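start06.cif (mmCIF, N, CA and C atoms)
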data_query
loop_
_atom_site.group_PDB
_atom_site.id
_atom_site.type_symbol
_atom_site.label_atom_id
_atom_site.label_comp_id
_atom_site.auth_asym_id
_atom_site.auth_seq_id
_atom_site.Cartn_x
_atom_site.Cartn_y
_atom_site.Cartn_z
ATOM 1 N N MET A 1 0.842 -1.165 0.000
ATOM 2 C CA MET A 1 0.000 0.000 0.000
ATOM 3 C C MET A 1 0.894 1.236 0.000
ATOM 4 N N SER A 2 0.690 2.101 -0.949
ATOM 5 C CA SER A 2 1.479 3.311 -1.085
ATOM 6 C C SER A 2 1.084 4.346 -0.030
ATOM 7 N N ASP A 3 2.034 5.217 0.308
ATOM 8 C CA ASP A 3 1.737 6.297 1.250
ATOM 9 C C ASP A 3 1.196 7.531 0.542
ATOM 10 N N ALA A 4 1.092 7.477 -0.792
ATOM 11 C CA ALA A 4 0.570 8.612 -1.543
ATOM 12 C C ALA A 4 -0.900 8.847 -1.185
ATOM 13 N N LEU A 5 -1.271 10.117 -1.097
ATOM 14 C CA LEU A 5 -2.651 10.465 -0.783
ATOM 15 C C LEU A 5 -3.543 10.100 -1.959
ATOM 16 N N ARG A 6 -4.608 9.381 -1.697
ATOM 17 C CA ARG A 6 -5.522 8.937 -2.744
ATOM 18 C C ARG A 6 -6.807 9.748 -2.683
ATOM 19 N N ASP A 7 -7.457 9.890 -3.840
ATOM 20 C CA ASP A 7 -8.744 10.581 -3.878
ATOM 21 C C ASP A 7 -9.864 9.705 -3.351
ATOM 22 N N VAL A 8 -9.804 8.436 -3.645
ATOM 23 C CA VAL A 8 -10.848 7.513 -3.198
ATOM 24 C C VAL A 8 -10.227 6.138 -2.971
ATOM 25 N N VAL A 9 -10.728 5.453 -1.986
ATOM 26 C CA VAL A 9 -10.306 4.088 -1.702
ATOM 27 C C VAL A 9 -11.558 3.271 -1.426
ATOM 28 N N ALA A 10 -11.689 2.167 -2.116
ATOM 29 C CA ALA A 10 -12.812 1.266 -1.878
ATOM 30 C C ALA A 10 -12.290 0.044 -1.135
ATOM 31 N N VAL A 11 -12.870 -0.226 0.022
ATOM 32 C CA VAL A 11 -12.457 -1.356 0.841
ATOM 33 C C VAL A 11 -13.601 -2.362 0.875
ATOM 34 N N ILE A 12 -13.312 -3.575 0.467
ATOM 35 C CA ILE A 12 -14.317 -4.638 0.430
ATOM 36 C C ILE A 12 -14.064 -5.577 1.605
ATOM 37 N N PRO A 13 -14.923 -5.558 2.614
ATOM 38 C CA PRO A 13 -14.734 -6.482 3.735
ATOM 39 C C PRO A 13 -15.139 -7.888 3.318
ATOM 40 N N ALA A 14 -14.317 -8.856 3.677
ATOM 41 C CA ALA A 14 -14.593 -10.242 3.293
ATOM 42 C C ALA A 14 -14.278 -11.154 4.470
ATOM 43 N N ARG A 15 -15.310 -11.671 5.091
ATOM 44 C CA ARG A 15 -15.148 -12.542 6.249
ATOM 45 C C ARG A 15 -15.440 -13.982 5.841
ATOM 46 N N PHE A 16 -14.510 -14.860 6.097
ATOM 47 C CA PHE A 16 -14.696 -16.264 5.735
ATOM 48 C C PHE A 16 -15.626 -16.973 6.705
ATOM 49 N N ARG A 17 -15.509 -16.654 7.990
ATOM 50 C CA ARG A 17 -16.256 -17.383 9.025
ATOM 51 C C ARG A 17 -17.603 -16.743 9.350
ATOM 52 N N SER A 18 -18.324 -16.355 8.333
ATOM 53 C CA SER A 18 -19.652 -15.790 8.548
ATOM 54 C C SER A 18 -20.560 -16.830 9.195
ATOM 55 N N SER A 19 -21.393 -16.392 10.116
ATOM 56 C CA SER A 19 -22.298 -17.341 10.775
ATOM 57 C C SER A 19 -23.432 -17.763 9.838
ATOM 58 N N ARG A 20 -23.814 -16.881 8.918
ATOM 59 C CA ARG A 20 -24.919 -17.216 8.012
ATOM 60 C C ARG A 20 -24.478 -18.006 6.790
ATOM 61 N N PHE A 21 -23.253 -17.767 6.289
ATOM 62 C CA PHE A 21 -22.805 -18.424 5.056
ATOM 63 C C PHE A 21 -21.283 -18.534 5.080
ATOM 64 N N PRO A 22 -20.747 -19.491 5.854
ATOM 65 C CA PRO A 22 -19.289 -19.647 5.929
ATOM 66 C C PRO A 22 -18.667 -19.871 4.550
ATOM 67 N N GLY A 23 -17.566 -19.193 4.299
ATOM 68 C CA GLY A 23 -16.843 -19.351 3.040
ATOM 69 C C GLY A 23 -17.405 -18.550 1.885
ATOM 70 N N LYS A 24 -18.411 -17.748 2.131
ATOM 71 C CA LYS A 24 -19.127 -17.008 1.077
ATOM 72 C C LYS A 24 -18.215 -16.269 0.091
ATOM 73 N N PRO A 25 -17.176 -15.561 0.521
ATOM 74 C CA PRO A 25 -16.366 -14.816 -0.454
ATOM 75 C C PRO A 25 -15.706 -15.688 -1.527
ATOM 76 N N LEU A 26 -15.437 -16.934 -1.217
ATOM 77 C CA LEU A 26 -14.760 -17.797 -2.187
ATOM 78 C C LEU A 26 -15.706 -18.712 -2.961
ATOM 79 N N VAL A 27 -17.001 -18.601 -2.707
ATOM 80 C CA VAL A 27 -17.977 -19.431 -3.420
ATOM 81 C C VAL A 27 -18.081 -18.950 -4.859
ATOM 82 N N PRO A 28 -17.918 -19.873 -5.820
ATOM 83 C CA PRO A 28 -18.017 -19.469 -7.227
ATOM 84 C C PRO A 28 -19.456 -19.172 -7.645
ATOM 85 N N ILE A 29 -19.597 -18.136 -8.439
ATOM 86 C CA ILE A 29 -20.861 -17.786 -9.077
ATOM 87 C C ILE A 29 -20.568 -17.852 -10.574
ATOM 88 N N GLN A 30 -21.167 -18.794 -11.244
ATOM 89 C CA GLN A 30 -20.879 -19.040 -12.659
ATOM 90 C C GLN A 30 -19.372 -19.154 -12.899
ATOM 91 N N GLY A 31 -18.709 -19.879 -12.006
ATOM 92 C CA GLY A 31 -17.293 -20.185 -12.166
ATOM 93 C C GLY A 31 -16.310 -19.162 -11.636
ATOM 94 N N ILE A 32 -16.779 -18.019 -11.163
ATOM 95 C CA ILE A 32 -15.879 -16.984 -10.653
ATOM 96 C C ILE A 32 -16.220 -16.717 -9.188
ATOM 97 N N PRO A 33 -15.235 -16.865 -8.284
ATOM 98 C CA PRO A 33 -15.508 -16.626 -6.865
ATOM 99 C C PRO A 33 -16.100 -15.234 -6.626
ATOM 100 N N MET A 34 -17.028 -15.182 -5.699
ATOM 101 C CA MET A 34 -17.768 -13.964 -5.426
ATOM 102 C C MET A 34 -16.859 -12.766 -5.148
ATOM 103 N N ILE A 35 -15.807 -12.944 -4.365
ATOM 104 C CA ILE A 35 -14.937 -11.822 -4.022
ATOM 105 C C ILE A 35 -14.250 -11.254 -5.267
ATOM 106 N N GLU A 36 -13.916 -12.115 -6.208
ATOM 107 C CA GLU A 36 -13.301 -11.639 -7.450
ATOM 108 C C GLU A 36 -14.313 -10.859 -8.289
ATOM 109 N N ARG A 37 -15.551 -11.329 -8.340
ATOM 110 C CA ARG A 37 -16.607 -10.608 -9.070
ATOM 111 C C ARG A 37 -16.805 -9.212 -8.486
ATOM 112 N N VAL A 38 -16.869 -9.127 -7.158
ATOM 113 C CA VAL A 38 -17.073 -7.833 -6.505
ATOM 114 C C VAL A 38 -15.885 -6.923 -6.776
ATOM 115 N N PHE A 39 -14.671 -7.454 -6.633
ATOM 116 C CA PHE A 39 -13.466 -6.661 -6.863
ATOM 117 C C PHE A 39 -13.465 -6.086 -8.277
ATOM 118 N N ARG A 40 -13.773 -6.912 -9.265
ATOM 119 C CA ARG A 40 -13.783 -6.451 -10.663
ATOM 120 C C ARG A 40 -14.787 -5.329 -10.881
ATOM 121 N N ARG A 41 -15.981 -5.482 -10.326
ATOM 122 C CA ARG A 41 -17.014 -4.461 -10.503
ATOM 123 C C ARG A 41 -16.617 -3.142 -9.843
ATOM 124 N N VAL A 42 -16.073 -3.226 -8.653
ATOM 125 C CA VAL A 42 -15.646 -2.016 -7.961
ATOM 126 C C VAL A 42 -14.480 -1.367 -8.716
ATOM 127 N N ALA A 43 -13.568 -2.184 -9.235
ATOM 128 C CA ALA A 43 -12.429 -1.670 -9.998
ATOM 129 C C ALA A 43 -12.887 -0.908 -11.240
ATOM 130 N N GLU A 44 -13.989 -1.325 -11.824
ATOM 131 C CA GLU A 44 -14.540 -0.594 -12.973
ATOM 132 C C GLU A 44 -14.947 0.823 -12.572
ATOM 133 N N ALA A 45 -15.391 0.988 -11.349
ATOM 134 C CA ALA A 45 -15.866 2.286 -10.882
ATOM 135 C C ALA A 45 -14.737 3.209 -10.425
ATOM 136 N N VAL A 46 -13.755 2.678 -9.709
ATOM 137 C CA VAL A 46 -12.737 3.547 -9.097
ATOM 138 C C VAL A 46 -11.312 3.218 -9.533
ATOM 139 N N GLY A 47 -11.138 2.225 -10.384
ATOM 140 C CA GLY A 47 -9.809 1.803 -10.810
ATOM 141 C C GLY A 47 -9.250 0.750 -9.876
ATOM 142 N N PRO A 48 -8.626 -0.283 -10.423
ATOM 143 C CA PRO A 48 -8.132 -1.385 -9.588
ATOM 144 C C PRO A 48 -7.086 -0.969 -8.565
ATOM 145 N N GLU A 49 -6.365 0.107 -8.843
ATOM 146 C CA GLU A 49 -5.344 0.576 -7.899
ATOM 147 C C GLU A 49 -5.957 1.189 -6.644
ATOM 148 N N ASN A 50 -7.258 1.444 -6.671
ATOM 149 C CA ASN A 50 -7.945 2.056 -5.530
ATOM 150 C C ASN A 50 -8.875 1.097 -4.797
ATOM 151 N N VAL A 51 -8.735 -0.185 -5.062
ATOM 152 C CA VAL A 51 -9.603 -1.191 -4.444
ATOM 153 C C VAL A 51 -8.759 -2.144 -3.623
ATOM 154 N N MET A 52 -9.261 -2.506 -2.453
ATOM 155 C CA MET A 52 -8.582 -3.514 -1.648
ATOM 156 C C MET A 52 -9.604 -4.342 -0.884
ATOM 157 N N VAL A 53 -9.238 -5.578 -0.651
ATOM 158 C CA VAL A 53 -10.051 -6.496 0.138
ATOM 159 C C VAL A 53 -9.501 -6.479 1.555
ATOM 160 N N ALA A 54 -10.382 -6.437 2.537
ATOM 161 C CA ALA A 54 -9.992 -6.479 3.951
ATOM 162 C C ALA A 54 -10.532 -7.773 4.542
ATOM 163 N N THR A 55 -9.631 -8.619 5.028
ATOM 164 C CA THR A 55 -10.048 -9.923 5.538
ATOM 165 C C THR A 55 -9.151 -10.400 6.662
ATOM 166 N N GLU A 56 -9.687 -11.317 7.448
ATOM 167 C CA GLU A 56 -8.929 -11.952 8.524
ATOM 168 C C GLU A 56 -8.443 -13.337 8.126
ATOM 169 N N ASP A 57 -8.841 -13.814 6.956
ATOM 170 C CA ASP A 57 -8.661 -15.215 6.606
ATOM 171 C C ASP A 57 -7.528 -15.449 5.607
ATOM 172 N N SER A 58 -6.648 -16.402 5.934
ATOM 173 C CA SER A 58 -5.497 -16.688 5.073
ATOM 174 C C SER A 58 -5.907 -17.241 3.710
ATOM 175 N N ARG A 59 -7.034 -17.944 3.621
ATOM 176 C CA ARG A 59 -7.491 -18.474 2.322
ATOM 177 C C ARG A 59 -7.890 -17.338 1.386
ATOM 178 N N ILE A 60 -8.559 -16.344 1.925
ATOM 179 C CA ILE A 60 -8.956 -15.199 1.103
ATOM 180 C C ILE A 60 -7.724 -14.380 0.724
ATOM 181 N N ILE A 61 -6.806 -14.204 1.668
ATOM 182 C CA ILE A 61 -5.564 -13.475 1.379
ATOM 183 C C ILE A 61 -4.813 -14.153 0.243
ATOM 184 N N GLU A 62 -4.639 -15.450 0.327
ATOM 185 C CA GLU A 62 -3.919 -16.185 -0.717
ATOM 186 C C GLU A 62 -4.639 -16.087 -2.054
ATOM 187 N N PHE A 63 -5.949 -16.241 -2.047
ATOM 188 C CA PHE A 63 -6.712 -16.135 -3.287
ATOM 189 C C PHE A 63 -6.495 -14.773 -3.932
ATOM 190 N N CYS A 64 -6.621 -13.703 -3.145
ATOM 191 C CA CYS A 64 -6.453 -12.356 -3.675
ATOM 192 C C CYS A 64 -5.055 -12.155 -4.256
ATOM 193 N N ARG A 65 -4.068 -12.637 -3.566
ATOM 194 C CA ARG A 65 -2.693 -12.477 -4.051
ATOM 195 C C ARG A 65 -2.475 -13.199 -5.367
ATOM 196 N N THR A 66 -3.064 -14.371 -5.536
ATOM 197 C CA THR A 66 -2.898 -15.107 -6.800
ATOM 198 C C THR A 66 -3.614 -14.415 -7.954
ATOM 199 N N ARG A 67 -4.556 -13.534 -7.651
ATOM 200 C CA ARG A 67 -5.314 -12.807 -8.686
ATOM 201 C C ARG A 67 -4.869 -11.348 -8.800
ATOM 202 N N ASP A 68 -3.765 -10.988 -8.145
ATOM 203 C CA ASP A 68 -3.260 -9.609 -8.150
ATOM 204 C C ASP A 68 -4.290 -8.610 -7.648
ATOM 205 N N MET A 69 -5.064 -9.017 -6.653
ATOM 206 C CA MET A 69 -6.044 -8.150 -6.011
ATOM 207 C C MET A 69 -5.430 -7.664 -4.704
ATOM 208 N N ALA A 70 -5.409 -6.363 -4.481
ATOM 209 C CA ALA A 70 -4.847 -5.833 -3.241
ATOM 210 C C ALA A 70 -5.651 -6.373 -2.057
ATOM 211 N N VAL A 71 -4.938 -6.787 -1.030
ATOM 212 C CA VAL A 71 -5.591 -7.356 0.144
ATOM 213 C C VAL A 71 -4.863 -6.893 1.395
ATOM 214 N N VAL A 72 -5.645 -6.612 2.442
ATOM 215 C CA VAL A 72 -5.101 -6.186 3.724
ATOM 216 C C VAL A 72 -5.599 -7.153 4.782
ATOM 217 N N GLU A 73 -4.670 -7.668 5.581
ATOM 218 C CA GLU A 73 -5.068 -8.559 6.677
ATOM 219 C C GLU A 73 -5.548 -7.722 7.853
ATOM 220 N N THR A 74 -6.693 -8.120 8.400
ATOM 221 C CA THR A 74 -7.267 -7.425 9.549
ATOM 222 C C THR A 74 -7.374 -8.397 10.717
ATOM 223 N N GLY A 75 -7.728 -7.857 11.864
ATOM 224 C CA GLY A 75 -7.946 -8.702 13.035
ATOM 225 C C GLY A 75 -9.177 -9.572 12.845
ATOM 226 N N ASP A 76 -9.266 -10.633 13.622
ATOM 227 C CA ASP A 76 -10.416 -11.544 13.498
ATOM 228 C C ASP A 76 -11.502 -11.241 14.527
ATOM 229 N N HIS A 77 -11.392 -10.127 15.210
ATOM 230 C CA HIS A 77 -12.320 -9.772 16.281
ATOM 231 C C HIS A 77 -13.487 -8.896 15.830
ATOM 232 N N HIS A 78 -13.531 -8.503 14.576
ATOM 233 C CA HIS A 78 -14.549 -7.559 14.119
ATOM 234 C C HIS A 78 -15.927 -8.199 14.003
ATOM 235 N N PRO A 79 -16.939 -7.581 14.613
ATOM 236 C CA PRO A 79 -18.294 -8.123 14.526
ATOM 237 C C PRO A 79 -18.988 -7.806 13.196
ATOM 238 N N THR A 80 -18.528 -6.748 12.492
ATOM 239 C CA THR A 80 -19.171 -6.362 11.235
ATOM 240 C C THR A 80 -18.128 -5.983 10.189
ATOM 241 N N GLY A 81 -18.586 -5.937 8.940
ATOM 242 C CA GLY A 81 -17.716 -5.492 7.860
ATOM 243 C C GLY A 81 -17.302 -4.042 8.031
ATOM 244 N N SER A 82 -18.189 -3.235 8.574
ATOM 245 C CA SER A 82 -17.862 -1.820 8.801
ATOM 246 C C SER A 82 -16.700 -1.676 9.781
ATOM 247 N N ASP A 83 -16.652 -2.538 10.790
ATOM 248 C CA ASP A 83 -15.535 -2.511 11.740
ATOM 249 C C ASP A 83 -14.232 -2.893 11.043
ATOM 250 N N ARG A 84 -14.311 -3.847 10.154
ATOM 251 C CA ARG A 84 -13.136 -4.282 9.394
ATOM 252 C C ARG A 84 -12.641 -3.134 8.507
ATOM 253 N N VAL A 85 -13.571 -2.449 7.839
ATOM 254 C CA VAL A 85 -13.221 -1.310 6.991
ATOM 255 C C VAL A 85 -12.606 -0.196 7.833
ATOM 256 N N ALA A 86 -13.144 0.049 9.015
ATOM 257 C CA ALA A 86 -12.615 1.100 9.896
ATOM 258 C C ALA A 86 -11.163 0.813 10.281
ATOM 259 N N GLU A 87 -10.837 -0.449 10.512
ATOM 260 C CA GLU A 87 -9.443 -0.794 10.837
ATOM 261 C C GLU A 87 -8.521 -0.403 9.686
ATOM 262 N N VAL A 88 -8.931 -0.716 8.473
ATOM 263 C CA VAL A 88 -8.123 -0.393 7.300
ATOM 264 C C VAL A 88 -8.079 1.124 7.091
ATOM 265 N N ALA A 89 -9.217 1.789 7.256
ATOM 266 C CA ALA A 89 -9.297 3.238 7.039
ATOM 267 C C ALA A 89 -8.317 3.997 7.921
ATOM 268 N N ALA A 90 -8.085 3.491 9.102
ATOM 269 C CA ALA A 90 -7.168 4.158 10.022
ATOM 270 C C ALA A 90 -5.718 4.080 9.548
ATOM 271 N N LYS A 91 -5.451 3.216 8.569
ATOM 272 C CA LYS A 91 -4.075 2.990 8.120
ATOM 273 C C LYS A 91 -3.751 3.563 6.743
ATOM 274 N N ILE A 92 -4.753 4.069 6.009
ATOM 275 C CA ILE A 92 -4.483 4.488 4.637
ATOM 276 C C ILE A 92 -4.702 5.991 4.448
ATOM 277 N N PRO A 93 -3.785 6.626 3.737
ATOM 278 C CA PRO A 93 -3.952 8.050 3.459
ATOM 279 C C PRO A 93 -4.912 8.235 2.279
ATOM 280 N N ALA A 94 -6.008 8.938 2.511
ATOM 281 C CA ALA A 94 -6.970 9.212 1.450
ATOM 282 C C ALA A 94 -7.664 10.529 1.753
ATOM 283 N N ARG A 95 -8.179 11.174 0.727
ATOM 284 C CA ARG A 95 -8.890 12.440 0.897
ATOM 285 C C ARG A 95 -10.274 12.220 1.483
ATOM 286 N N ARG A 96 -10.867 11.060 1.186
ATOM 287 C CA ARG A 96 -12.211 10.759 1.668
ATOM 288 C C ARG A 96 -12.196 9.474 2.464
ATOM 289 N N ILE A 97 -13.193 9.308 3.286
ATOM 290 C CA ILE A 97 -13.329 8.088 4.075
ATOM 291 C C ILE A 97 -13.585 6.929 3.131
ATOM 292 N N PRO A 98 -12.945 5.774 3.320
ATOM 293 C CA PRO A 98 -13.183 4.617 2.459
ATOM 294 C C PRO A 98 -14.651 4.217 2.433
ATOM 295 N N VAL A 99 -15.051 3.686 1.331
ATOM 296 C CA VAL A 99 -16.423 3.271 1.116
ATOM 297 C C VAL A 99 -16.578 1.822 1.558
ATOM 298 N N ALA A 100 -17.501 1.548 2.461
ATOM 299 C CA ALA A 100 -17.778 0.174 2.877
ATOM 300 C C ALA A 100 -18.695 -0.443 1.842
ATOM 301 N N LEU A 101 -18.285 -1.564 1.293
ATOM 302 C CA LEU A 101 -19.045 -2.208 0.233
ATOM 303 C C LEU A 101 -19.676 -3.500 0.686
ATOM 304 N N GLU A 102 -19.958 -3.599 1.968
ATOM 305 C CA GLU A 102 -20.456 -4.863 2.505
ATOM 306 C C GLU A 102 -21.816 -5.252 1.957
ATOM 307 N N ARG A 103 -22.609 -4.302 1.497
ATOM 308 C CA ARG A 103 -23.923 -4.660 0.958
ATOM 309 C C ARG A 103 -23.812 -5.368 -0.382
ATOM 310 N N LEU A 104 -22.651 -5.264 -1.027
ATOM 311 C CA LEU A 104 -22.454 -5.916 -2.310
ATOM 312 C C LEU A 104 -22.093 -7.387 -2.176
ATOM 313 N N ILE A 105 -21.597 -7.775 -0.982
ATOM 314 C CA ILE A 105 -21.146 -9.156 -0.846
ATOM 315 C C ILE A 105 -21.949 -9.912 0.182
#

Serialized structure, structure tokens:
Amino acid sequence: MSDALRDVVAVIPARFRSSRFPGKPLVPIQGIPMIERVFRRVAEAVGPENVMVATEDSRIIEFCRTRDMAVVETGDHHPTGSDRVAEVAAKIPARRIPVALERLI
């Protein structure tokens, strides 16, 4: 992650151990894992250099790295995606507050 000030940063929270649907970010939809679909769509809006996945899970981290998707490891204590995004927001220089995209996933 660069220290350069960014105009916009989109942070996609991705929790593997969801109580309602464990593993959801890596579940394929028509052959493409959900997290990759979301990342691509968000990248169309703000550019891939301004998108990152925030997760506590090593499987999601590894998947993102193999697809050249920016990923930030977060703590595993967050009760919501917004909390996960807030952890990342505190660490990145940007002109605006990062956008929580949890409703998309």

Worksheet item: What is the atom C of Thr74 of chain A to atom CA of Pro48 of chain A distance in Å?
Response: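 Answer for the atom C of Thr74 of chain A to atom CA of Pro48 of chain A separation: 21.5 Å.
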
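Atom C of Val9 of chain A sits 20.0 Å away from atom N of His78 of chain A.
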
How big is the axis-aligned box, and where does its centre sit, when it encloses all atoms of segment 50-62 of chain A listed in the file and has 4 Å added on every side, reported in Å to one decimal as JSON?
{"center_x": -7.2, "center_y": -8.2, "center_z": 0.9, "size_x": 14.6, "size_y": 28.5, "size_z": 23.2}

Worksheet item: Quick one, how far is atom N of Lys91 of chain A from atom C of Pro79 of chain A?
Response: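 Result for atom N of Lys91 of chain A versus atom C of Pro79 of chain A: 18.1 Å, one decimal.
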
Discussion item. According to DSSP computed on the backbone, where in chain A is there strand (DSSP E or B)? Give the residues as a list in words.
Written reply: Arg6, Ala10, Val11, Ile12, Pro13, Ala14, Pro28, Ile29, Ile32, Pro33, Val51, Met52, Val53, Ala54, Thr55, Val71, Val72, Glu73, Ala94, Val99 and Ala100 of chain A

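Taking only C-alpha atoms, the non-local environment of Phe63 of chain A within 10 Å (same-chain residues fewer than 3 positions away omitted) comprises Leu26, Pro33, Ile35, Glu36, Ser58, Arg59, Ile60, Thr66, Arg67, Asp68, Met69 and Val71 of chain A.
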
Worksheet entry | Picked from chain A by DSSP as helix (DSSP H, G or I), as a ChimeraX atom specification | /A:24-26,34-46,48-50,58-66,81-89,102-104

Item to complete: For Lys24 of chain A, please output as JSON, numbers by chain all residues within 10 Å (counting only C-alpha atoms; exclusion window: fewer than 2 positions along the same chain).
Response: {"A": [14, 15, 16, 17, 18, 20, 21, 22, 26, 27, 28, 33, 34, 35, 105]}

Practice prompt. Show which residues sit within 7 Å of Glu73 of chain A, as a list in words. Count only C-alpha atoms, and ignore same-chain residues fewer than 3 positions away.
Written response: Ala54, Thr55 and Glu56 of chain A

Residue neighbourhood Ala70 of chain A, 10 Å, only C-alpha atoms, exclusion window fewer than 4 positions, as a PDB file with N, CA and C atoms, keeping the file's coordinate frame:
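File produced: out-v7.pdb:
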ATOM      1  N   MET A   1       0.842  -1.165   0.000  1.00  0.00           N
ATOM      2  CA  MET A   1       0.000   0.000   0.000  1.00  0.00           C
ATOM      3  C   MET A   1       0.894   1.236   0.000  1.00  0.00           C
ATOM      4  N   VAL A  11     -12.870  -0.226   0.022  1.00  0.00           N
ATOM      5  CA  VAL A  11     -12.457  -1.356   0.841  1.00  0.00           C
ATOM      6  C   VAL A  11     -13.601  -2.362   0.875  1.00  0.00           C
ATOM      7  N   PHE A  39     -14.671  -7.454  -6.633  1.00  0.00           N
ATOM      8  CA  PHE A  39     -13.466  -6.661  -6.863  1.00  0.00           C
ATOM      9  C   PHE A  39     -13.465  -6.086  -8.277  1.00  0.00           C
ATOM     10  N   PRO A  48      -8.626  -0.283 -10.423  1.00  0.00           N
ATOM     11  CA  PRO A  48      -8.132  -1.385  -9.588  1.00  0.00           C
ATOM     12  C   PRO A  48      -7.086  -0.969  -8.565  1.00  0.00           C
ATOM     13  N   GLU A  49      -6.365   0.107  -8.843  1.00  0.00           N
ATOM     14  CA  GLU A  49      -5.344   0.576  -7.899  1.00  0.00           C
ATOM     15  C   GLU A  49      -5.957   1.189  -6.644  1.00  0.00           C
ATOM     16  N   ASN A  50      -7.258   1.444  -6.671  1.00  0.00           N
ATOM     17  CA  ASN A  50      -7.945   2.056  -5.530  1.00  0.00           C
ATOM     18  C   ASN A  50      -8.875   1.097  -4.797  1.00  0.00           C
ATOM     19  N   VAL A  51      -8.735  -0.185  -5.062  1.00  0.00           N
ATOM     20  CA  VAL A  51      -9.603  -1.191  -4.444  1.00  0.00           C
ATOM     21  C   VAL A  51      -8.759  -2.144  -3.623  1.00  0.00           C
ATOM     22  N   MET A  52      -9.261  -2.506  -2.453  1.00  0.00           N
ATOM     23  CA  MET A  52      -8.582  -3.514  -1.648  1.00  0.00           C
ATOM     24  C   MET A  52      -9.604  -4.342  -0.884  1.00  0.00           C
ATOM     25  N   VAL A  53      -9.238  -5.578  -0.651  1.00  0.00           N
ATOM     26  CA  VAL A  53     -10.051  -6.496   0.138  1.00  0.00           C
ATOM     27  C   VAL A  53      -9.501  -6.479   1.555  1.00  0.00           C
ATOM     28  N   ALA A  54     -10.382  -6.437   2.537  1.00  0.00           N
ATOM     29  CA  ALA A  54      -9.992  -6.479   3.951  1.00  0.00           C
ATOM     30  C   ALA A  54     -10.532  -7.773   4.542  1.00  0.00           C
ATOM     31  N   ILE A  61      -6.806 -14.204   1.668  1.00  0.00           N
ATOM     32  CA  ILE A  61      -5.564 -13.475   1.379  1.00  0.00           C
ATOM     33  C   ILE A  61      -4.813 -14.153   0.243  1.00  0.00           C
ATOM     34  N   CYS A  64      -6.621 -13.703  -3.145  1.00  0.00           N
ATOM     35  CA  CYS A  64      -6.453 -12.356  -3.675  1.00  0.00           C
ATOM     36  C   CYS A  64      -5.055 -12.155  -4.256  1.00  0.00           C
ATOM     37  N   ARG A  65      -4.068 -12.637  -3.566  1.00  0.00           N
ATOM     38  CA  ARG A  65      -2.693 -12.477  -4.051  1.00  0.00           C
ATOM     39  C   ARG A  65      -2.475 -13.199  -5.367  1.00  0.00           C
TER      40      ARG A  65
END
